[in-house]
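Working notes, structure below.
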Amino acid sequence: MMTAAVLTGWKSPLVVKRVQRPECRAGEILIEVKATALDAFDVTISDGRMRDQTALPQPQDPPLILGHEFAGVVAALGAGVNQVSIGDRIAVYPLLTCGRCLPCLSGHENRCSEFRGYVGVNIDGGLAQYARVPARNAIPLSPGVTDTQGAFVPGALGTAYHAVMKRLGVLPTDTVAIVAAAGGVGIHAVQLAKRSGARVIGIDVDDARLARVAELGADHVVNARDVDVVEAVRELTGGRGADKVLDIVGTDITLLHSFTALARGGRLCVMGGAPGARLALDSIAILQKEAEIVGTLGTTRADLTEVVELLERGAVSAVLSETHPLSEAPAILARVNAHDVFSRIVLVP
Ligand SMILES: [Zn+2]
């Protein structure tokens with residue numbers, strides 16, 4: 001048996017209870033969980049809103065153990081597993097992929113043709129003492145990376161890394177604007193853009209959190225509640241606009257502002273999405289700017305391995321706000337839902 005925080009019904013609070021410890025099947029590993037981070041995606045899942053995403057595999061019906069950002073120690077191996085050993089410290093790659101299609105084989109498993117969903121959505125996740133995942137989802141942690149840092153690798157750091165380094169392609173000469181810079185992904189995106197040599201403008205709506213964004217490396221911060229974001233970015237860039245914009249919100253209004261704030265030849269990377277949100281653009285505006293609009297989707301295993309290397313070198317910080325025992329998972333998820341968490345809270349079984 002083991003202790004887990006279980007979603008027993010859609011829109012229900014989590015229940016901490018004793019449940020059966022999973023047994024490894026062929027190709028799987030059992031992980032003794034050491035640290036799990038919660039984020040807004042956990043709220044989306046527990047509300048049952050993943051069922052509206054008809055293009056994605058449907059979530060596992062409750063009872064479901066949430067937790068898609070976690071790290072731990074390999075505790076048991078299923079038949080045929082030889083890429084990891086018992087006792088290895090790992091973070092968990094959260095996407096369930098086939099491992100056989102062309103995108104998977106070419107290192108773009110976030111675009112898997114037979115995508116099967118997420119750990120903590122489509123199979124039980126890391127809000128428990130133990131979790132069972134496919135062995136290929138293990139990302140080795142180096143000795144200098146803590147378990148808590150490991151919980152930032154799959155999500156807050158990993159998705160920011162994929163967006164900033166692989167999709168936005170930040171250059172040292174760039175001015176980069178990040179929309180929702182004070183969110184858990186945003187503050188890590190700010191750090192990654194800054195360490196790439198770029199000038200960084202952090203945009204969000206809370207002065208206290210924007211002060212933290214500035215501490216973490218943003219050259220300028222803009223409160224979108226107080227000023228016109230497009231005007232502010234133009235002022236900070238001598239009228240040119242930003243070379244790269246990362247929009248982690250993705251509503252009609254932020255997308256339009258993000259595009260309008262782009263410099264000529266600029267690139268907009270769409271990271272956040274809201275069902276039904278539209279970017280309504282004059283085609284001439286796109287061609288006159290020679291603008292590029294790209295999307296960013298999750299992470300790859302290579303991204304997570306590179307993030308572990310950056311943590312090992314001390315080149316990025318995992319921005320932890322608090323640590324709590326797993327038994328407090330229901331209260332912490334309620335706080336995430338109320339936007340009462342800066343960056344990430346980590347839960348420890
Ligand atoms: Zn695949």
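Just remember, in the structure tokens the first chain shown is A, the second B, etc., residues are 1-based per chain, and ligands are 1-based in the order shown.
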Set the distance at 7 Å and use only C-alpha atoms: which residues neighbour Lys244 in chain A once local chain neighbours fewer than 2 positions away are removed? I'd like the list as number ranges by chain. A: 168, 174-177, 242, 246, 262, 266-268
Preceding selection exported with all heavy atoms as a PDB file, in the first residue's frame:
ATOM      1  N   LEU A 168      11.592  29.946 -29.777  1.00  0.00           N
ATOM      2  CA  LEU A 168      11.817  31.385 -29.927  1.00  0.00           C
ATOM      3  C   LEU A 168      13.202  31.628 -30.526  1.00  0.00           C
ATOM      4  O   LEU A 168      13.406  32.586 -31.251  1.00  0.00           O
ATOM      5  CB  LEU A 168      11.690  32.046 -28.548  1.00  0.00           C
ATOM      6  CG  LEU A 168      11.126  33.451 -28.443  1.00  0.00           C
ATOM      7  CD1 LEU A 168       9.852  33.632 -29.247  1.00  0.00           C
ATOM      8  CD2 LEU A 168      10.879  33.802 -26.990  1.00  0.00           C
ATOM      9  N   ASP A 174      18.878  40.087 -29.269  1.00  0.00           N
ATOM     10  CA  ASP A 174      17.422  40.253 -29.220  1.00  0.00           C
ATOM     11  C   ASP A 174      16.953  41.055 -28.010  1.00  0.00           C
ATOM     12  O   ASP A 174      17.544  40.971 -26.927  1.00  0.00           O
ATOM     13  CB  ASP A 174      16.730  38.882 -29.113  1.00  0.00           C
ATOM     14  CG  ASP A 174      16.699  38.129 -30.430  1.00  0.00           C
ATOM     15  OD1 ASP A 174      16.836  38.770 -31.485  1.00  0.00           O
ATOM     16  OD2 ASP A 174      16.538  36.895 -30.381  1.00  0.00           O
ATOM     17  N   THR A 175      15.836  41.760 -28.214  1.00  0.00           N
ATOM     18  CA  THR A 175      15.002  42.174 -27.093  1.00  0.00           C
ATOM     19  C   THR A 175      13.822  41.216 -27.069  1.00  0.00           C
ATOM     20  O   THR A 175      13.134  41.041 -28.083  1.00  0.00           O
ATOM     21  CB  THR A 175      14.505  43.621 -27.266  1.00  0.00           C
ATOM     22  OG1 THR A 175      15.634  44.494 -27.235  1.00  0.00           O
ATOM     23  CG2 THR A 175      13.543  43.996 -26.143  1.00  0.00           C
ATOM     24  N   VAL A 176      13.635  40.557 -25.927  1.00  0.00           N
ATOM     25  CA  VAL A 176      12.606  39.526 -25.788  1.00  0.00           C
ATOM     26  C   VAL A 176      11.554  39.998 -24.798  1.00  0.00           C
ATOM     27  O   VAL A 176      11.893  40.375 -23.670  1.00  0.00           O
ATOM     28  CB  VAL A 176      13.224  38.205 -25.273  1.00  0.00           C
ATOM     29  CG1 VAL A 176      12.151  37.133 -25.117  1.00  0.00           C
ATOM     30  CG2 VAL A 176      14.330  37.728 -26.203  1.00  0.00           C
ATOM     31  N   ALA A 177      10.293  39.991 -25.219  1.00  0.00           N
ATOM     32  CA  ALA A 177       9.198  40.312 -24.298  1.00  0.00           C
ATOM     33  C   ALA A 177       8.493  39.020 -23.914  1.00  0.00           C
ATOM     34  O   ALA A 177       8.222  38.175 -24.771  1.00  0.00           O
ATOM     35  CB  ALA A 177       8.217  41.277 -24.952  1.00  0.00           C
ATOM     36  N   ALA A 242       9.709  44.490 -30.076  1.00  0.00           N
ATOM     37  CA  ALA A 242      10.524  43.379 -29.568  1.00  0.00           C
ATOM     38  C   ALA A 242      10.855  42.409 -30.697  1.00  0.00           C
ATOM     39  O   ALA A 242      10.013  42.122 -31.542  1.00  0.00           O
ATOM     40  CB  ALA A 242       9.778  42.651 -28.456  1.00  0.00           C
ATOM     41  N   LEU A 246       7.239  35.991 -26.347  1.00  0.00           N
ATOM     42  CA  LEU A 246       6.690  34.716 -25.881  1.00  0.00           C
ATOM     43  C   LEU A 246       5.379  35.022 -25.167  1.00  0.00           C
ATOM     44  O   LEU A 246       5.374  35.709 -24.143  1.00  0.00           O
ATOM     45  CB  LEU A 246       7.674  34.028 -24.921  1.00  0.00           C
ATOM     46  CG  LEU A 246       7.197  32.707 -24.300  1.00  0.00           C
ATOM     47  CD1 LEU A 246       6.936  31.651 -25.368  1.00  0.00           C
ATOM     48  CD2 LEU A 246       8.220  32.194 -23.283  1.00  0.00           C
ATOM     49  N   LEU A 262       5.647  43.293 -31.865  1.00  0.00           N
ATOM     50  CA  LEU A 262       6.809  42.699 -32.549  1.00  0.00           C
ATOM     51  C   LEU A 262       7.514  43.714 -33.436  1.00  0.00           C
ATOM     52  O   LEU A 262       6.872  44.507 -34.128  1.00  0.00           O
ATOM     53  CB  LEU A 262       6.354  41.578 -33.483  1.00  0.00           C
ATOM     54  CG  LEU A 262       6.218  40.146 -33.018  1.00  0.00           C
ATOM     55  CD1 LEU A 262       5.929  39.283 -34.243  1.00  0.00           C
ATOM     56  CD2 LEU A 262       7.449  39.664 -32.290  1.00  0.00           C
ATOM     57  N   GLY A 266      10.340  40.067 -36.635  1.00  0.00           N
ATOM     58  CA  GLY A 266      10.234  39.459 -35.311  1.00  0.00           C
ATOM     59  C   GLY A 266       9.509  38.124 -35.327  1.00  0.00           C
ATOM     60  O   GLY A 266       8.901  37.735 -36.324  1.00  0.00           O
ATOM     61  N   ARG A 267       9.611  37.433 -34.198  1.00  0.00           N
ATOM     62  CA  ARG A 267       8.961  36.126 -34.067  1.00  0.00           C
ATOM     63  C   ARG A 267       8.096  36.100 -32.812  1.00  0.00           C
ATOM     64  O   ARG A 267       8.570  36.420 -31.724  1.00  0.00           O
ATOM     65  CB  ARG A 267      10.015  35.019 -33.981  1.00  0.00           C
ATOM     66  CG  ARG A 267       9.401  33.617 -33.823  1.00  0.00           C
ATOM     67  CD  ARG A 267      10.470  32.550 -33.733  1.00  0.00           C
ATOM     68  NE  ARG A 267      11.261  32.511 -34.958  1.00  0.00           N
ATOM     69  CZ  ARG A 267      12.433  31.881 -35.068  1.00  0.00           C
ATOM     70  NH1 ARG A 267      12.941  31.240 -34.046  1.00  0.00           N
ATOM     71  NH2 ARG A 267      13.084  31.898 -36.211  1.00  0.00           N
ATOM     72  N   LEU A 268       6.836  35.705 -33.011  1.00  0.00           N
ATOM     73  CA  LEU A 268       5.901  35.516 -31.895  1.00  0.00           C
ATOM     74  C   LEU A 268       5.771  34.026 -31.631  1.00  0.00           C
ATOM     75  O   LEU A 268       5.487  33.255 -32.553  1.00  0.00           O
ATOM     76  CB  LEU A 268       4.530  36.100 -32.261  1.00  0.00           C
ATOM     77  CG  LEU A 268       3.343  35.691 -31.370  1.00  0.00           C
ATOM     78  CD1 LEU A 268       3.539  36.135 -29.931  1.00  0.00           C
ATOM     79  CD2 LEU A 268       2.040  36.263 -31.938  1.00  0.00           C
TER      80      LEU A 268
END
12 Å contact set for Gln83 in chain A, only C-alpha atoms, chain neighbours under 4 positions out, as a ChimeraX atom specification: /A:27-29,74,77-79,88,90,134-140
Write out as a ChimeraX atom specification the residues lying within 7 Å of Gly67 in chain A, counting only C-alpha atoms and excluding same-chain residues fewer than 4 positions away. /A:36,38,120,125-127
Which residues are near Thr254 in chain A? Cut-off 10 Å, only C-alpha atoms, ignore same chain within fewer than 3 positions. Put them as JSON, numbers by chain. {"A": [179, 180, 224, 229, 247, 248, 249, 250, 251, 257, 258, 259, 260, 272, 277, 279]}
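Considering only C-alpha atoms and all ligand atoms, the residue among A:Ile31, A:Ala76, A:Leu102, A:Val15 positioned nearest to ligand 1 is A:Leu102.
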